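Pasted below: data_28.pdb, PDB, C-alpha atoms.
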ATOM      1  CA  MET Y1238      90.614 -51.170  58.014
ATOM      2  CA  SER Y1239      89.192 -54.464  59.211
ATOM      3  CA  GLU Y1240      90.821 -57.601  57.826
ATOM      4  CA  ILE Y1241      87.318 -58.699  56.815
ATOM      5  CA  PHE Y1242      87.331 -56.018  54.129
ATOM      6  CA  SER Y1243      90.690 -57.007  52.656
ATOM      7  CA  GLU Y1244      90.401 -58.435  49.149
ATOM      8  CA  LYS Y1245      93.778 -60.156  49.523
ATOM      9  CA  ASN Y1246      92.684 -61.822  52.775
ATOM     10  CA  MET Y1247      89.364 -62.859  51.215
ATOM     11  CA  MET Y1248      91.021 -64.459  48.173
ATOM     12  CA  GLN Y1249      93.421 -66.421  50.402
ATOM     13  CA  ILE Y1250      90.585 -67.725  52.568
ATOM     14  CA  LEU Y1251      88.357 -68.664  49.622
ATOM     15  CA  GLY Y1252      91.362 -70.284  47.927
ATOM     16  CA  LYS Y1253      91.586 -72.861  50.739
ATOM     17  CA  TYR Y1254      88.259 -74.343  49.628
ATOM     18  CA  LEU Y1255      88.852 -74.510  45.857
ATOM     19  CA  PRO Y1256      88.402 -77.961  44.320
ATOM     20  CA  ASP Y1257      91.297 -79.282  42.255
ATOM     21  CA  GLY Y1258      91.527 -77.651  38.833
ATOM     22  CA  GLU Y1259      89.230 -74.732  39.723
ATOM     23  CA  THR Y1260      90.205 -71.062  39.668
ATOM     24  CA  LEU Y1261      88.439 -68.362  41.628
ATOM     25  CA  GLU Y1262      86.783 -65.985  39.127
ATOM     26  CA  ALA Y1263      85.266 -63.590  41.644
ATOM     27  CA  GLY Y1264      84.816 -63.118  45.373
ATOM     28  CA  VAL Y1265      82.957 -60.621  47.539
ATOM     29  CA  HIS Y1266      82.166 -59.931  51.153
ATOM     30  CA  GLY Y1267      78.517 -60.598  51.884
ATOM     31  CA  ILE Y1268      76.103 -61.258  54.707
ATOM     32  CA  GLY Y1269      74.789 -64.716  55.512
ATOM     33  CA  LEU Y1270      71.117 -64.312  56.408
ATOM     34  CA  GLU Y1271      70.111 -67.966  56.745
ATOM     35  CA  VAL Y1272      72.068 -71.085  55.897
ATOM     36  CA  ARG Y1273      70.918 -74.705  56.151
ATOM     37  CA  ILE Y1274      73.392 -77.242  54.801
ATOM     38  CA  SER Y1275      72.924 -80.993  54.510
ATOM     39  CA  GLN Y1276      75.680 -83.361  53.423
ATOM     40  CA  ILE Y1277      76.072 -87.139  53.596
ATOM     41  CA  PHE Y1278      79.435 -88.816  54.213
ATOM     42  CA  LYS Y1279      80.186 -92.534  53.878
ATOM     43  CA  ASN Y1280      82.933 -94.819  55.185
ATOM     44  CA  CYS Y1281      83.760 -92.479  58.023
ATOM     45  CA  ILE Y1282      83.640 -91.924  61.734
ATOM     46  CA  ILE Y1283      82.866 -88.648  63.485
ATOM     47  CA  THR Y1284      84.747 -87.398  66.504
ATOM     48  CA  GLU Y1285      83.762 -84.324  68.495
ATOM     49  CA  ASP Y1286      84.495 -81.896  65.644
ATOM     50  CA  THR Y1287      86.042 -83.894  62.778
ATOM     51  CA  ILE Y1288      84.910 -86.365  60.143
ATOM     52  CA  LEU Y1289      87.579 -89.019  59.598
ATOM     53  CA  PRO Y1290      87.808 -91.637  56.835
ATOM     54  CA  ALA Y1291      87.394 -95.233  58.022
ATOM     55  CA  GLU Y1292      87.517 -98.232  55.690
ATOM     56  CA  ASN Y1293      84.579 -99.921  57.413
ATOM     57  CA  GLY Y1294      83.016 -96.723  58.675
ATOM     58  CA  GLU Y1295      79.407 -95.692  58.752
ATOM     59  CA  VAL Y1296      77.230 -93.331  56.711
ATOM     60  CA  PHE Y1297      76.391 -90.038  58.424
ATOM     61  CA  GLN Y1298      74.199 -87.110  57.486
ATOM     62  CA  VAL Y1299      75.533 -83.798  58.753
ATOM     63  CA  ASN Y1300      73.082 -80.909  58.981
ATOM     64  CA  LYS Y1301      74.584 -77.507  59.707
ATOM     65  CA  GLY Y1302      72.586 -74.324  60.148
ATOM     66  CA  LYS Y1303      72.707 -70.680  61.096
ATOM     67  CA  VAL Y1304      69.863 -68.145  61.157
ATOM     68  CA  ALA Y1305      71.711 -65.147  62.600
ATOM     69  CA  LYS Y1306      73.381 -62.617  60.304
ATOM     70  CA  PHE Y1307      77.104 -63.198  59.821
ATOM     71  CA  ASP Y1308      79.938 -61.982  57.589
ATOM     72  CA  VAL Y1309      80.705 -64.388  54.754
ATOM     73  CA  TYR Y1310      82.970 -64.472  51.729
ATOM     74  CA  ILE Y1311      81.192 -65.605  48.579
ATOM     75  CA  GLY Y1312      83.286 -66.851  45.677
ATOM     76  CA  ILE Y1313      82.547 -68.381  42.319
ATOM     77  CA  THR Y1314      84.519 -70.565  39.928
ATOM     78  CA  GLU Y1315      83.466 -72.019  36.619
ATOM     79  CA  ASN Y1316      81.731 -74.923  38.366
ATOM     80  CA  TYR Y1317      81.377 -74.071  42.071
ATOM     81  CA  LEU Y1318      79.977 -71.603  44.573
ATOM     82  CA  ILE Y1319      82.380 -71.220  47.509
ATOM     83  CA  LEU Y1320      81.401 -69.882  50.953
ATOM     84  CA  SER Y1321      83.583 -69.132  53.939
ATOM     85  CA  GLN Y1322      82.674 -67.386  57.136
ATOM     86  CA  CYS Y1323      84.876 -64.358  57.737
ATOM     87  CA  GLU Y1324      85.177 -65.031  61.448
ATOM     88  CA  ILE Y1325      84.634 -68.229  63.386
ATOM     89  CA  ASN Y1326      80.972 -68.357  64.385
ATOM     90  CA  LYS Y1327      78.849 -70.873  66.220
ATOM     91  CA  TRP Y1328      76.603 -73.130  64.150
ATOM     92  CA  TYR Y1329      73.850 -75.586  64.952
ATOM     93  CA  TYR Y1330      74.871 -79.143  64.052
ATOM     94  CA  GLU Y1331      72.737 -82.233  63.838
ATOM     95  CA  ILE Y1332      74.473 -85.506  62.995
ATOM     96  CA  SER Y1333      72.641 -88.747  62.347
ATOM     97  CA  GLU Y1334      73.759 -92.186  61.251
ATOM     98  CA  ILE Y1335      72.076 -93.492  58.098
ATOM     99  CA  GLN Y1336      71.493 -97.210  57.717
ATOM    100  CA  ASP Y1337      71.442 -97.321  53.906
ATOM    101  CA  SER Y1338      75.133 -97.594  53.024
ATOM    102  CA  ALA Y1339      74.358 -97.377  49.293
ATOM    103  CA  GLN Y1340      73.685 -93.644  49.446
ATOM    104  CA  LYS Y1341      74.426 -92.360  45.944
ATOM    105  CA  ASP Y1342      74.820 -88.761  47.130
ATOM    106  CA  ALA Y1343      77.287 -89.658  49.872
ATOM    107  CA  THR Y1344      80.759 -88.143  49.834
ATOM    108  CA  GLU Y1345      83.731 -90.344  50.600
ATOM    109  CA  ILE Y1346      86.622 -88.405  52.072
ATOM    110  CA  SER Y1347      90.298 -89.324  51.877
ATOM    111  CA  SER Y1348      91.426 -87.174  54.805
ATOM    112  CA  GLY Y1349      89.857 -85.633  57.880
ATOM    113  CA  ILE Y1350      87.508 -82.689  57.500
ATOM    114  CA  SER Y1351      86.478 -80.320  60.255
ATOM    115  CA  LEU Y1352      82.735 -79.959  60.816
ATOM    116  CA  ARG Y1353      83.413 -76.218  60.471
ATOM    117  CA  ASP Y1354      84.436 -76.843  56.830
ATOM    118  CA  VAL Y1355      81.271 -78.767  55.872
ATOM    119  CA  GLY Y1356      79.239 -76.721  53.403
ATOM    120  CA  THR Y1357      81.917 -74.497  51.953
ATOM    121  CA  CYS Y1358      81.852 -75.737  48.343
ATOM    122  CA  PHE Y1359      78.699 -76.244  46.258
ATOM    123  CA  PRO Y1360      78.653 -77.554  42.666
ATOM    124  CA  LEU Y1361      76.680 -75.126  40.492
ATOM    125  CA  GLU Y1362      75.101 -78.115  38.728
ATOM    126  CA  ASP Y1363      73.447 -78.984  42.065
ATOM    127  CA  VAL Y1364      71.519 -75.689  42.227
ATOM    128  CA  GLN Y1365      67.809 -76.449  42.059
ATOM    129  CA  SER Y1366      66.600 -72.855  42.226
ATOM    130  CA  CYS Y1367      67.973 -69.368  42.678
ATOM    131  CA  GLU Y1368      65.991 -66.229  43.386
ATOM    132  CA  ILE Y1369      67.675 -62.832  43.173
ATOM    133  CA  LYS Y1370      65.873 -59.858  44.702
ATOM    134  CA  LYS Y1371      66.958 -56.233  45.048
ATOM    135  CA  VAL Y1372      66.626 -54.905  48.582
ATOM    136  CA  TRP Y1373      67.603 -51.695  50.376
ATOM    137  CA  MET Y1374      70.490 -49.402  49.399
ATOM    138  CA  GLY Y1375      71.437 -51.384  46.287
ATOM    139  CA  ALA Y1376      72.011 -54.676  48.100
ATOM    140  CA  VAL Y1377      70.795 -57.924  46.562
ATOM    141  CA  ASN Y1378      69.456 -61.005  48.365
ATOM    142  CA  CYS Y1379      70.164 -64.371  46.750
ATOM    143  CA  THR Y1380      68.114 -67.343  47.888
ATOM    144  CA  ILE Y1381      69.685 -70.562  46.610
ATOM    145  CA  THR Y1382      68.188 -74.011  47.079
ATOM    146  CA  MET Y1383      70.305 -77.040  46.259
ATOM    147  CA  LYS Y1384      68.965 -80.364  44.944
ATOM    148  CA  ASN Y1385      69.882 -82.058  48.257
ATOM    149  CA  GLY Y1386      67.757 -79.581  50.229
ATOM    150  CA  SER Y1387      70.568 -77.272  51.354
ATOM    151  CA  PHE Y1388      69.441 -73.647  51.479
ATOM    152  CA  LEU Y1389      71.515 -70.460  51.326
ATOM    153  CA  LYS Y1390      70.111 -66.965  51.782
ATOM    154  CA  LEU Y1391      72.898 -64.471  51.195
ATOM    155  CA  GLN Y1392      73.041 -60.712  50.837
ATOM    156  CA  LEU Y1393      75.537 -59.061  48.495
ATOM    157  CA  PRO Y1394      75.963 -55.391  49.476
ATOM    158  CA  LYS Y1395      76.415 -52.782  46.759
ATOM    159  CA  ARG Y1396      79.703 -51.603  48.296
ATOM    160  CA  GLY Y1397      82.649 -53.605  49.593
ATOM    161  CA  GLY Y1398      83.247 -51.831  52.889
ATOM    162  CA  LEU Y1399      85.048 -48.654  53.844
ATOM    163  CA  GLY Y1400      88.726 -47.979  53.338
ATOM    164  CA  GLY Y1401      89.182 -49.234  49.781
ATOM    165  CA  GLY Y1402      90.299 -52.727  50.797
ATOM    166  CA  MET Y1403      88.045 -54.363  48.190
ATOM    167  CA  PRO Y1404      88.714 -52.433  44.976
ATOM    168  CA  HIS Y1405      87.104 -55.069  42.698
ATOM    169  CA  HIS Y1406      83.925 -55.535  44.744
ATOM    170  CA  ALA Y1407      81.504 -54.062  42.150
ATOM    171  CA  GLU Y1408      83.066 -56.032  39.281
ATOM    172  CA  TYR Y1409      83.171 -59.309  41.242
ATOM    173  CA  ARG Y1410      79.643 -58.797  42.560
ATOM    174  CA  GLU Y1411      78.339 -58.440  39.002
ATOM    175  CA  THR Y1412      80.214 -61.608  37.941
ATOM    176  CA  ILE Y1413      78.644 -63.597  40.780
ATOM    177  CA  LEU Y1414      75.155 -62.178  40.174
ATOM    178  CA  ALA Y1415      75.404 -62.887  36.442
ATOM    179  CA  ARG Y1416      76.339 -66.533  37.094
ATOM    180  CA  LEU Y1417      73.633 -66.975  39.725
ATOM    181  CA  GLY Y1418      71.142 -65.135  37.504
ATOM    182  CA  PHE Y1419      71.871 -67.609  34.722
ATOM    183  CA  LEU Y1420      71.058 -70.434  37.146
ATOM    184  CA  ALA Y1421      67.800 -68.670  38.095
ATOM    185  CA  SER Y1422      66.497 -68.711  34.514
TER
END

How does this structure look as structure tokens?
Amino acid sequence: MSEIFSEKNMMQILGKYLPDGETLEAGVHGIGLEVRISQIFKNCIITEDTILPAENGEVFQVNKGKVAKFDVYIGITENYLILSQCEINKWYYEISEIQDSAQKDATEISSGISLRDVGTCFPLEDVQSCEIKKVWMGAVNCTITMKNGSFLKLQLPKRGGLGGGMPHHAEYRETILARLGFLAS
């Protein structure tokens, strides 16, 4: 059985991205169909692959995207949608310095963050729209647009892989779809 289809492995990986005080309610293996993430960071510097805090640093917008299908873990807490790629994949990055240092949506970090970890945690209150559509063989496509323009198109398969490594897939999938469906209404 592939480690990708291990519920224990998935919960450990998703757990790395949980905000303080949050508990993972459900997690499933899914397919990333198209992801475009935009996030603004302030008082920082950017090295080759890391965003570092800097007292007199600049404001940067990081755009991260992928349009090829990839394996992703999708988790949900009371207040957040959590995403983590199952395997390290290549992404398209575009980084630009922003002159307006009074960006209200900018995140200030207290420790370094890898560019790979940008766009792993999304507040549910920031969801602008969510469309859920049934597709082939019981799978469901979720198209989520965030208020900041980030866009996630994810597929949640009906089954959690072969070998029985994800025994709670159906239950967790329904929990995630119910929460996202509530945001769609």

Query raised in the report: If you count only C-alpha atoms, which residues fall within 8 Å of range 1287-1291 of chain Y, apart from same-chain ones fewer than 4 positions away, as a list in words?
Result: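 So the residues in contact are Asn1280, Cys1281, Ile1282, Ile1283, Glu1345, Ile1346, Ser1347, Ser1348, Gly1349, Ile1350, Ser1351 and Leu1352 of chain Y.
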
Query raised in the report: Got a sec to resolve the PyMOL selection byres ((chain Y and resi 1356) around 8) on this structure and send the residues as a VMD selection string?
Result: chain Y and resid 1274 to 1276 1301 1320 1354 to 1355 1357 to 1359

Query raised in the report: Within 9 Å of Gly1302 in chain Y, counting all atoms listed in the file, which residues qualify if same-chain residues fewer than 2 places away don't, as a PyMOL selection string?
Result: chain Y and resi 1271-1275+1300+1304+1328-1331

With C-alpha atoms kept, could you save the residues just selected as a JSON list (two decimals), in the frame of the given file?
[["chain", "number", "residue", "atom", "x", "y", "z"],
["Y", 1271, "GLU", "CA", 70.11, -67.97, 56.74],
["Y", 1272, "VAL", "CA", 72.07, -71.08, 55.90],
["Y", 1273, "ARG", "CA", 70.92, -74.70, 56.15],
["Y", 1274, "ILE", "CA", 73.39, -77.24, 54.80],
["Y", 1275, "SER", "CA", 72.92, -80.99, 54.51],
["Y", 1300, "ASN", "CA", 73.08, -80.91, 58.98],
["Y", 1304, "VAL", "CA", 69.86, -68.14, 61.16],
["Y", 1328, "TRP", "CA", 76.60, -73.13, 64.15],
["Y", 1329, "TYR", "CA", 73.85, -75.59, 64.95],
["Y", 1330, "TYR", "CA", 74.87, -79.14, 64.05],
["Y", 1331, "GLU", "CA", 72.74, -82.23, 63.84]]

Requested in this report: Considering only C-alpha atoms, state which residue in the set Y:Ile1413, Y:Ala1343, Y:Leu1393, Y:Ile1332 is at the smallest distance from Val1309 in chain Y.
Outcome: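 Residue with the minimum atom-to-atom distance to Val1309 in chain Y: Y:Leu1393.
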
Report task. Enter the distance from CA of Leu1361 in chain Y to CA of Ala1263 in chain Y, in Å, rounded to one decimal. Result ->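 These atoms are spaced 14.4 Å apart.
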
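When the PyMOL selection byres ((chain Y and resi 1278) around 6) is evaluated on the file shown here, the picked residues come out as Ile1277, Lys1279, Val1296, Phe1297, Ala1343, Thr1344 and Glu1345 of chain Y.
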
Query raised in the report: Which one of Y:Glu1334, Y:Glu1244, Y:Glu1295, Y:Glu1411 sits closest to Pro1394 in chain Y if you count all atoms listed in the file?
Result: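 The closest residue to Pro1394 in chain Y is Y:Glu1411.
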
Query - d(CA of Gly1400 in chain Y, CA of Lys1371 in chain Y) in Å - result: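 A separation of 24.7 Å between them.
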